[in-house]
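Below: one structure, written as structure tokens.
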Amino acid sequence: MSRFKLIIEYEGTRYSGWQLQKNARTIQGEINKATCIALNTNDFEIYGSGRTDAGVHALAQVAHLDVQTMLAPDIIRMKINDELPADIALKRVEKASSRFHARHDAISRSYIYQISRRRTALGKRYVWWIKDNLDVNLIEQASEEFVGMHDFRSFTSDDPEEKSTKVVIESCKIATHGDLIVIRIIGSHFLWNMVRRMVGVMAGVGRKKLNVEDVRMFLKKKSVIPASHTAPPSGLFLENVYYRNDIISDHIHQVMNI
């Protein structure tokens with residue numbers, strides 16, 4: 001078997017997330033079908049760096065593919081892309097070490113969330129439109145509370161009895177681009193619904209429906225309030241997955257120009 005590293009881009013609106021599921025259309029399921037046809041084999045395995053939820057997009061999801069083939073990486077990329085639907089694309093395929101693991105070797109991940117301050121006809125699938133006035137300074141103050149190691153049990157649907165809910169957030173920064181507010185979060189890993197609840201709480205502070213002290217309280221003890229502020233999946237993008245020796249850029253870019 002040969003191992004390949006896949007860099008994958010997708011628009012997640014039509015899918016029930018990354019992970020393979022019975023009776024649901026998923027990103028991994030579509031890639032599996034395309035690989036089977038493109039490489040004319042059922043003898044392969046694909047492992048993703050982590051799951052994304054239904055409706056969430058990716059600029060650079062990472063997976064590894066184990067398959068017996070003599071084809072060059074660029075040929076594999078082209079053949080699989082020919083079989084994929086238009087809203088999923090392999091950006092790169094690279095030969096990888098047999099020891100490389102897309103999930104276990106990842107040291108950080110970054111997400112981008114886009115909030116629009118105006119109604120948009122072209123960017124609806126890629127933003128959360130908030131009609132209320134938003135105080136960006138308050139959003140920035142709230143974002144600072146998340147940096148460091150915290151217990152995010154208030155920000156996830158994961159069971160803290162089954163897995164640790166402690167996560168290291170390396171950076172949580174805000175930038176504005178015209179009518180867009182872009183939030184970029186870098187962390188060691190992320191829990192189920194965690195980023196969307198973080199964004200929802202930050203937006204709640206920006207709307208003056210919550211305050212910064214509430215954020216501190218949610219990180220100190222379990223609360224159901226963040227769940228009621230969960231941001232929609234439309235504005236969320238898995239931006240990148242980082243491995244040892246990768247350089248993490250400080251630049252915050254928008255996905256849609258609106």
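Residues in the structure tokens are numbered from 1 in each chain, the chains being A, B, ... in the order shown, and ligands are numbered from 1 in the order shown.
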
Please, which residues of range 39-258 of chain A, numbered as in this document, come out helix (DSSP H, G or I) from DSSP, as a compact mmCIF listing (two decimals) with all heavy atoms, in the first residue's frame?
# COMPACT_ATOMS: atom_id res chain seq x y z
N LEU A 39 -9.98 4.95 -9.31
CA LEU A 39 -8.84 4.04 -9.19
C LEU A 39 -9.23 2.58 -9.44
O LEU A 39 -8.39 1.68 -9.34
CB LEU A 39 -8.18 4.20 -7.82
CG LEU A 39 -7.70 5.62 -7.48
CD1 LEU A 39 -6.97 5.63 -6.15
CD2 LEU A 39 -6.83 6.20 -8.58
N PRO A 73 0.85 11.28 -7.89
CA PRO A 73 -0.12 12.05 -7.11
C PRO A 73 -1.01 12.97 -7.95
O PRO A 73 -2.22 13.03 -7.72
CB PRO A 73 0.76 12.85 -6.15
CG PRO A 73 1.96 11.98 -5.95
CD PRO A 73 2.19 11.34 -7.28
N ASP A 74 -0.44 13.68 -8.92
CA ASP A 74 -1.25 14.59 -9.74
C ASP A 74 -2.26 13.85 -10.59
O ASP A 74 -3.37 14.36 -10.83
CB ASP A 74 -0.35 15.44 -10.65
CG ASP A 74 0.16 16.69 -9.95
OD1 ASP A 74 -0.32 16.98 -8.84
OD2 ASP A 74 1.04 17.38 -10.52
N ILE A 75 -1.92 12.66 -11.03
CA ILE A 75 -2.87 11.85 -11.81
C ILE A 75 -4.01 11.37 -10.91
O ILE A 75 -5.18 11.38 -11.31
CB ILE A 75 -2.16 10.66 -12.47
CG1 ILE A 75 -1.04 11.15 -13.39
CG2 ILE A 75 -3.15 9.79 -13.23
CD1 ILE A 75 -1.51 12.05 -14.51
N ILE A 76 -3.66 10.96 -9.69
CA ILE A 76 -4.70 10.56 -8.72
C ILE A 76 -5.65 11.72 -8.47
O ILE A 76 -6.88 11.56 -8.47
CB ILE A 76 -4.05 10.09 -7.41
CG1 ILE A 76 -3.26 8.80 -7.63
CG2 ILE A 76 -5.11 9.92 -6.31
CD1 ILE A 76 -2.44 8.38 -6.43
N ARG A 77 -5.09 12.93 -8.25
CA ARG A 77 -5.92 14.11 -8.00
C ARG A 77 -6.88 14.36 -9.18
O ARG A 77 -8.09 14.55 -8.97
CB ARG A 77 -5.04 15.34 -7.77
CG ARG A 77 -5.82 16.64 -7.59
CD ARG A 77 -4.88 17.83 -7.40
NE ARG A 77 -3.99 18.00 -8.54
CZ ARG A 77 -4.32 18.60 -9.68
NH1 ARG A 77 -5.55 19.09 -9.84
NH2 ARG A 77 -3.45 18.70 -10.67
N MET A 78 -6.37 14.35 -10.38
CA MET A 78 -7.20 14.64 -11.54
C MET A 78 -8.28 13.58 -11.75
O MET A 78 -9.44 13.91 -12.04
CB MET A 78 -6.33 14.77 -12.79
CG MET A 78 -5.50 16.05 -12.83
SD MET A 78 -4.64 16.32 -14.40
CE MET A 78 -3.38 15.04 -14.32
N LYS A 79 -7.92 12.30 -11.57
CA LYS A 79 -8.88 11.23 -11.81
C LYS A 79 -10.00 11.26 -10.76
O LYS A 79 -11.18 11.07 -11.09
CB LYS A 79 -8.17 9.87 -11.80
CG LYS A 79 -7.31 9.63 -13.04
CD LYS A 79 -6.53 8.31 -12.94
CE LYS A 79 -7.42 7.10 -13.11
NZ LYS A 79 -7.92 6.95 -14.48
N ILE A 80 -9.65 11.49 -9.50
CA ILE A 80 -10.69 11.55 -8.45
C ILE A 80 -11.55 12.80 -8.64
O ILE A 80 -12.78 12.74 -8.52
CB ILE A 80 -10.06 11.51 -7.05
CG1 ILE A 80 -9.39 10.15 -6.81
CG2 ILE A 80 -11.12 11.76 -5.98
CD1 ILE A 80 -8.66 10.02 -5.47
N ASN A 81 -10.93 13.94 -8.95
CA ASN A 81 -11.71 15.16 -9.17
C ASN A 81 -12.71 15.01 -10.31
O ASN A 81 -13.82 15.57 -10.26
CB ASN A 81 -10.78 16.34 -9.47
CG ASN A 81 -10.26 17.01 -8.21
OD1 ASN A 81 -10.84 16.88 -7.14
ND2 ASN A 81 -9.17 17.74 -8.33
N ASP A 82 -12.35 14.24 -11.32
CA ASP A 82 -13.27 14.01 -12.44
C ASP A 82 -14.55 13.31 -12.00
O ASP A 82 -15.59 13.42 -12.67
CB ASP A 82 -12.60 13.18 -13.53
CG ASP A 82 -11.62 14.00 -14.37
OD1 ASP A 82 -11.67 15.24 -14.30
OD2 ASP A 82 -10.79 13.38 -15.08
N GLU A 83 -14.49 12.57 -10.88
CA GLU A 83 -15.64 11.81 -10.40
C GLU A 83 -16.38 12.50 -9.26
O GLU A 83 -17.45 12.04 -8.84
CB GLU A 83 -15.19 10.42 -9.94
CG GLU A 83 -14.46 9.60 -10.98
CD GLU A 83 -15.29 9.32 -12.22
OE1 GLU A 83 -16.54 9.30 -12.11
OE2 GLU A 83 -14.70 9.14 -13.31
N LYS A 124 -25.02 34.23 0.86
CA LYS A 124 -25.90 33.69 1.91
C LYS A 124 -25.40 32.36 2.47
O LYS A 124 -25.51 32.09 3.67
CB LYS A 124 -27.32 33.53 1.35
CG LYS A 124 -28.32 33.04 2.38
CD LYS A 124 -29.72 32.95 1.77
CE LYS A 124 -30.73 32.45 2.80
NZ LYS A 124 -32.09 32.32 2.22
N ARG A 125 -24.83 31.49 1.62
CA ARG A 125 -24.37 30.17 2.06
C ARG A 125 -23.08 30.24 2.86
O ARG A 125 -22.65 29.23 3.44
CB ARG A 125 -24.16 29.26 0.86
CG ARG A 125 -25.42 28.84 0.14
CD ARG A 125 -25.09 27.88 -0.97
NE ARG A 125 -26.27 27.29 -1.58
CZ ARG A 125 -26.25 26.34 -2.50
NH1 ARG A 125 -25.09 25.87 -2.92
NH2 ARG A 125 -27.36 25.85 -3.01
N TYR A 126 -22.43 31.41 2.89
CA TYR A 126 -21.09 31.50 3.46
C TYR A 126 -20.98 32.48 4.62
O TYR A 126 -19.87 32.77 5.08
CB TYR A 126 -20.10 31.91 2.36
CG TYR A 126 -20.25 31.08 1.11
CD1 TYR A 126 -20.80 31.60 -0.04
CD2 TYR A 126 -19.86 29.73 1.11
CE1 TYR A 126 -20.96 30.83 -1.18
CE2 TYR A 126 -20.03 28.95 -0.02
CZ TYR A 126 -20.58 29.50 -1.16
OH TYR A 126 -20.75 28.72 -2.28
N VAL A 136 -18.06 45.75 17.56
CA VAL A 136 -16.89 44.92 17.28
C VAL A 136 -15.90 44.96 18.43
O VAL A 136 -15.24 43.95 18.74
CB VAL A 136 -16.21 45.36 15.96
CG1 VAL A 136 -14.94 44.55 15.70
CG2 VAL A 136 -17.17 45.20 14.79
N ASN A 137 -15.79 46.08 19.11
CA ASN A 137 -14.89 46.17 20.27
C ASN A 137 -15.29 45.19 21.37
O ASN A 137 -14.43 44.55 21.99
CB ASN A 137 -14.86 47.60 20.83
CG ASN A 137 -14.13 48.56 19.92
OD1 ASN A 137 -13.20 48.17 19.21
ND2 ASN A 137 -14.55 49.82 19.92
N LEU A 138 -16.59 45.05 21.59
CA LEU A 138 -17.06 44.10 22.59
C LEU A 138 -16.80 42.66 22.14
O LEU A 138 -16.45 41.80 22.95
CB LEU A 138 -18.56 44.30 22.86
CG LEU A 138 -18.93 45.55 23.66
CD1 LEU A 138 -20.45 45.67 23.78
CD2 LEU A 138 -18.30 45.53 25.05
N ILE A 139 -16.97 42.38 20.84
CA ILE A 139 -16.67 41.05 20.31
C ILE A 139 -15.19 40.73 20.54
O ILE A 139 -14.84 39.61 20.95
CB ILE A 139 -17.03 40.96 18.82
CG1 ILE A 139 -18.54 41.09 18.63
CG2 ILE A 139 -16.54 39.64 18.22
CD1 ILE A 139 -18.99 41.14 17.18
N GLU A 140 -14.32 41.70 20.30
CA GLU A 140 -12.88 41.49 20.53
C GLU A 140 -12.58 41.22 21.99
O GLU A 140 -11.76 40.35 22.32
CB GLU A 140 -12.11 42.71 20.03
CG GLU A 140 -12.07 42.83 18.52
CD GLU A 140 -11.33 44.06 18.05
OE1 GLU A 140 -11.23 45.03 18.82
OE2 GLU A 140 -10.83 44.04 16.90
N GLN A 141 -13.22 41.96 22.89
CA GLN A 141 -13.02 41.72 24.32
C GLN A 141 -13.46 40.31 24.71
O GLN A 141 -12.77 39.62 25.47
CB GLN A 141 -13.79 42.75 25.14
CG GLN A 141 -13.25 44.17 25.06
CD GLN A 141 -14.12 45.16 25.82
OE1 GLN A 141 -14.67 44.84 26.87
NE2 GLN A 141 -14.24 46.37 25.28
N ALA A 142 -14.59 39.87 24.17
CA ALA A 142 -15.07 38.52 24.47
C ALA A 142 -14.12 37.48 23.91
O ALA A 142 -13.84 36.45 24.55
CB ALA A 142 -16.47 38.33 23.88
N SER A 143 -13.56 37.73 22.71
CA SER A 143 -12.67 36.75 22.07
C SER A 143 -11.43 36.49 22.91
O SER A 143 -10.90 35.38 22.93
CB SER A 143 -12.27 37.23 20.67
OG SER A 143 -11.36 38.32 20.73
N GLU A 144 -10.94 37.52 23.60
CA GLU A 144 -9.72 37.39 24.40
C GLU A 144 -9.89 36.42 25.56
O GLU A 144 -8.92 35.81 26.02
CB GLU A 144 -9.30 38.77 24.92
CG GLU A 144 -8.84 39.71 23.81
CD GLU A 144 -8.70 41.16 24.28
OE1 GLU A 144 -8.93 41.41 25.49
OE2 GLU A 144 -8.37 42.02 23.43
N ARG A 153 -16.79 22.66 28.39
CA ARG A 153 -17.98 21.81 28.51
C ARG A 153 -19.27 22.58 28.24
O ARG A 153 -20.27 21.98 27.81
CB ARG A 153 -18.03 21.12 29.88
CG ARG A 153 -18.18 22.03 31.07
CD ARG A 153 -18.26 21.21 32.35
NE ARG A 153 -17.08 20.38 32.51
CZ ARG A 153 -17.08 19.24 33.22
NH1 ARG A 153 -18.18 18.83 33.81
NH2 ARG A 153 -15.98 18.53 33.33
N SER A 154 -19.28 23.89 28.45
CA SER A 154 -20.47 24.69 28.14
C SER A 154 -20.62 24.94 26.64
O SER A 154 -21.67 25.42 26.20
CB SER A 154 -20.41 26.04 28.86
OG SER A 154 -20.42 25.89 30.26
N PHE A 155 -19.57 24.63 25.88
CA PHE A 155 -19.54 24.98 24.46
C PHE A 155 -19.57 23.75 23.56
O PHE A 155 -19.24 23.85 22.38
CB PHE A 155 -18.28 25.81 24.16
CG PHE A 155 -18.31 27.17 24.80
CD1 PHE A 155 -17.89 27.34 26.11
CD2 PHE A 155 -18.77 28.28 24.12
CE1 PHE A 155 -17.91 28.59 26.72
CE2 PHE A 155 -18.79 29.53 24.70
CZ PHE A 155 -18.37 29.69 26.01
N MET A 194 -18.30 23.30 19.16
CA MET A 194 -17.55 24.26 19.98
C MET A 194 -17.37 25.61 19.29
O MET A 194 -17.65 26.66 19.89
CB MET A 194 -16.19 23.66 20.34
CG MET A 194 -15.30 24.57 21.15
SD MET A 194 -13.76 23.69 21.56
CE MET A 194 -12.68 25.09 21.88
N VAL A 195 -16.89 25.62 18.05
CA VAL A 195 -16.63 26.90 17.38
C VAL A 195 -17.93 27.67 17.19
O VAL A 195 -17.98 28.89 17.42
CB VAL A 195 -15.92 26.68 16.03
CG1 VAL A 195 -15.73 28.01 15.31
CG2 VAL A 195 -14.57 26.01 16.24
N ARG A 196 -18.98 27.01 16.79
CA ARG A 196 -20.25 27.70 16.56
C ARG A 196 -20.82 28.29 17.84
O ARG A 196 -21.42 29.37 17.82
CB ARG A 196 -21.24 26.73 15.90
CG ARG A 196 -20.85 26.40 14.45
CD ARG A 196 -21.64 25.22 13.92
NE ARG A 196 -23.06 25.47 13.98
CZ ARG A 196 -23.99 24.51 13.92
NH1 ARG A 196 -23.62 23.23 13.80
NH2 ARG A 196 -25.26 24.81 13.97
N ARG A 197 -20.62 27.62 18.95
CA ARG A 197 -21.09 28.19 20.23
C ARG A 197 -20.20 29.34 20.68
O ARG A 197 -20.70 30.34 21.22
CB ARG A 197 -21.17 27.10 21.30
CG ARG A 197 -22.29 26.11 21.04
CD ARG A 197 -22.49 25.14 22.18
NE ARG A 197 -23.47 24.12 21.80
CZ ARG A 197 -23.86 23.12 22.58
NH1 ARG A 197 -23.33 23.00 23.80
NH2 ARG A 197 -24.75 22.25 22.18
N MET A 198 -18.90 29.22 20.46
CA MET A 198 -18.01 30.33 20.78
C MET A 198 -18.41 31.58 19.99
O MET A 198 -18.52 32.68 20.54
CB MET A 198 -16.56 29.97 20.45
CG MET A 198 -15.94 28.95 21.37
SD MET A 198 -14.31 28.38 20.78
CE MET A 198 -13.34 29.89 20.93
N VAL A 199 -18.63 31.41 18.68
CA VAL A 199 -19.02 32.53 17.83
C VAL A 199 -20.37 33.10 18.26
O VAL A 199 -20.56 34.32 18.33
CB VAL A 199 -19.06 32.11 16.35
CG1 VAL A 199 -19.70 33.19 15.48
CG2 VAL A 199 -17.66 31.78 15.85
N GLY A 200 -21.32 32.21 18.57
CA GLY A 200 -22.63 32.68 19.00
C GLY A 200 -22.57 33.50 20.27
O GLY A 200 -23.25 34.52 20.39
N VAL A 201 -21.73 33.08 21.20
CA VAL A 201 -21.57 33.83 22.45
C VAL A 201 -20.88 35.17 22.18
O VAL A 201 -21.28 36.21 22.73
CB VAL A 201 -20.79 32.99 23.49
CG1 VAL A 201 -20.29 33.86 24.64
CG2 VAL A 201 -21.68 31.87 24.02
N MET A 202 -19.85 35.17 21.32
CA MET A 202 -19.19 36.44 20.98
C MET A 202 -20.18 37.39 20.32
O MET A 202 -20.19 38.60 20.62
CB MET A 202 -17.99 36.18 20.06
CG MET A 202 -16.77 35.64 20.76
SD MET A 202 -15.33 35.51 19.65
CE MET A 202 -15.43 33.81 19.15
N ALA A 203 -21.00 36.86 19.41
CA ALA A 203 -22.02 37.70 18.77
C ALA A 203 -23.03 38.21 19.81
O ALA A 203 -23.48 39.36 19.73
CB ALA A 203 -22.73 36.93 17.67
N GLY A 204 -23.36 37.37 20.78
CA GLY A 204 -24.27 37.80 21.85
C GLY A 204 -23.70 38.96 22.64
O GLY A 204 -24.43 39.89 23.02
N VAL A 205 -22.40 38.92 22.88
CA VAL A 205 -21.75 40.04 23.56
C VAL A 205 -21.77 41.28 22.66
O VAL A 205 -22.05 42.40 23.11
CB VAL A 205 -20.30 39.68 23.96
CG1 VAL A 205 -19.56 40.90 24.52
CG2 VAL A 205 -20.30 38.54 24.98
N GLY A 206 -21.49 41.09 21.37
CA GLY A 206 -21.52 42.20 20.42
C GLY A 206 -22.89 42.82 20.27
O GLY A 206 -23.02 44.02 20.00
N VAL A 212 -19.02 40.31 28.83
CA VAL A 212 -17.75 39.60 28.93
C VAL A 212 -17.69 38.74 30.19
O VAL A 212 -17.13 37.64 30.18
CB VAL A 212 -16.57 40.59 28.86
CG1 VAL A 212 -15.25 39.87 29.08
CG2 VAL A 212 -16.55 41.30 27.50
N GLU A 213 -18.28 39.22 31.26
CA GLU A 213 -18.29 38.43 32.51
C GLU A 213 -19.05 37.12 32.31
O GLU A 213 -18.69 36.09 32.90
CB GLU A 213 -18.93 39.26 33.63
CG GLU A 213 -18.89 38.58 35.00
CD GLU A 213 -17.49 38.17 35.43
OE1 GLU A 213 -16.55 38.96 35.26
OE2 GLU A 213 -17.36 37.02 35.94
N ASP A 214 -20.09 37.13 31.48
CA ASP A 214 -20.81 35.89 31.18
C ASP A 214 -19.87 34.87 30.52
O ASP A 214 -19.93 33.68 30.84
CB ASP A 214 -21.98 36.17 30.22
CG ASP A 214 -23.10 36.95 30.88
OD1 ASP A 214 -23.33 36.76 32.08
OD2 ASP A 214 -23.74 37.75 30.16
N VAL A 215 -19.02 35.34 29.61
CA VAL A 215 -18.07 34.44 28.94
C VAL A 215 -17.16 33.78 29.97
O VAL A 215 -16.93 32.57 29.94
CB VAL A 215 -17.23 35.19 27.89
CG1 VAL A 215 -16.28 34.22 27.19
CG2 VAL A 215 -18.13 35.89 26.87
N ARG A 216 -16.66 34.58 30.91
CA ARG A 216 -15.79 34.03 31.97
C ARG A 216 -16.54 32.96 32.77
O ARG A 216 -15.98 31.91 33.11
CB ARG A 216 -15.33 35.15 32.89
CG ARG A 216 -14.45 36.19 32.22
CD ARG A 216 -13.82 37.13 33.23
NE ARG A 216 -13.20 38.26 32.55
CZ ARG A 216 -13.58 39.51 32.64
NH1 ARG A 216 -14.62 39.82 33.43
NH2 ARG A 216 -12.96 40.47 31.98
N MET A 217 -17.81 33.23 33.07
CA MET A 217 -18.60 32.28 33.86
C MET A 217 -18.81 30.98 33.10
O MET A 217 -18.71 29.89 33.67
CB MET A 217 -19.96 32.91 34.21
CG MET A 217 -20.85 32.00 35.06
SD MET A 217 -22.53 32.63 35.21
CE MET A 217 -23.15 32.37 33.54
N PHE A 218 -19.09 31.08 31.76
CA PHE A 218 -19.32 29.87 30.96
C PHE A 218 -18.08 28.98 30.94
O PHE A 218 -18.19 27.76 30.79
CB PHE A 218 -19.69 30.24 29.53
CG PHE A 218 -20.95 31.07 29.39
CD1 PHE A 218 -21.09 31.94 28.32
CD2 PHE A 218 -21.97 30.97 30.33
CE1 PHE A 218 -22.24 32.71 28.18
CE2 PHE A 218 -23.13 31.74 30.20
CZ PHE A 218 -23.26 32.61 29.12
N LEU A 219 -16.89 29.59 31.04
CA LEU A 219 -15.64 28.83 31.02
C LEU A 219 -15.28 28.26 32.39
O LEU A 219 -14.42 27.39 32.50
CB LEU A 219 -14.50 29.70 30.50
CG LEU A 219 -14.59 30.10 29.02
CD1 LEU A 219 -13.56 31.17 28.69
CD2 LEU A 219 -14.41 28.89 28.12
N LYS A 220 -15.96 28.73 33.43
CA LYS A 220 -15.66 28.26 34.78
C LYS A 220 -16.61 27.15 35.24
O LYS A 220 -16.21 26.26 35.99
CB LYS A 220 -15.74 29.43 35.77
CG LYS A 220 -14.57 30.40 35.67
CD LYS A 220 -14.72 31.55 36.64
CE LYS A 220 -13.55 32.53 36.52
NZ LYS A 220 -13.72 33.73 37.39
N ILE A 225 -26.55 28.06 28.50
CA ILE A 225 -26.79 29.30 27.74
C ILE A 225 -26.06 29.32 26.40
O ILE A 225 -26.65 29.69 25.38
CB ILE A 225 -26.45 30.53 28.60
CG1 ILE A 225 -27.42 30.62 29.78
CG2 ILE A 225 -26.50 31.81 27.76
CD1 ILE A 225 -27.08 31.71 30.77
N PRO A 226 -24.76 28.93 26.32
CA PRO A 226 -24.09 28.97 25.02
C PRO A 226 -24.81 28.16 23.93
O PRO A 226 -24.79 28.54 22.76
CB PRO A 226 -22.70 28.41 25.32
CG PRO A 226 -22.45 28.82 26.73
CD PRO A 226 -23.79 28.63 27.40
N ALA A 227 -25.42 27.05 24.31
CA ALA A 227 -26.12 26.22 23.32
C ALA A 227 -27.24 27.01 22.64
O ALA A 227 -27.48 26.83 21.43
CB ALA A 227 -26.68 24.97 23.98
N SER A 228 -27.90 27.89 23.38
CA SER A 228 -29.00 28.68 22.81
C SER A 228 -28.49 29.78 21.90
O SER A 228 -29.27 30.43 21.18
CB SER A 228 -29.87 29.27 23.92
OG SER A 228 -29.14 30.23 24.67
N PRO A 233 -24.27 26.92 10.75
CA PRO A 233 -23.07 26.37 10.11
C PRO A 233 -22.62 27.12 8.87
O PRO A 233 -21.46 27.01 8.45
CB PRO A 233 -23.49 24.94 9.75
CG PRO A 233 -24.97 24.99 9.64
CD PRO A 233 -25.42 26.00 10.66
N SER A 234 -23.51 27.91 8.27
CA SER A 234 -23.21 28.54 6.97
C SER A 234 -21.95 29.39 6.97
O SER A 234 -21.24 29.44 5.97
CB SER A 234 -24.40 29.39 6.53
OG SER A 234 -24.75 30.34 7.53
N GLY A 235 -21.65 30.06 8.08
CA GLY A 235 -20.50 30.97 8.10
C GLY A 235 -19.19 30.32 8.48
O GLY A 235 -18.15 30.99 8.52

With DSSP run on the backbone, what are the strand (DSSP E) residues within range 42-148 of chain A? I'd like them as a PyMOL selection string. chain A and resi 44-48+57-67+88-96+108-116+128-129+148

Can you list, as number ranges by chain, every protein, DNA or RNA residue that comes within 12 Å of range 55-60 of chain A when you count only C-alpha atoms, leaving out same-chain residues fewer than 4 positions away? A: 5-19, 25-27, 48-51, 87-93, 109-114, 125-127, 193, 195-196, 231-242, 253-255

When you draw a straight line from CA of Lys95 in chain A to CA of Phe4 in chain A, how long is it in Å?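 Distance reported for this atom pair: 4.6 Å.
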
How many Å lie between CA of Lys33 in chain A and CA of Ser97 in chain A, rounded to one decimal? 24.3 Å

Calculated over only C-alpha atoms, which of the candidates A:Val62, A:Ala86, A:Val67, A:Phe152 has the smallest distance to Asn42 in chain A? A:Val67

Given only C-alpha atoms as the counted atoms, nearest of A:Ile185, A:Met1, A:Ala96, A:Leu191 to Gly148 in chain A: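 Under the stated criterion, the closest residue is A:Ile185.
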
Please, what distance in Å, to one decimal, runs between CA of Asp66 in chain A and CA of Tyr243 in chain A?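 Computing the Euclidean distance for CA of Asp66 in chain A and CA of Tyr243 in chain A yields 19.0 Å.
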
Nearest candidate to Thr165 in chain A (options A:Asn133, A:Leu122, A:Ser116, A:Lys221; using only C-alpha atoms):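 The answer is A:Lys221, which sits nearest to Thr165 in chain A.
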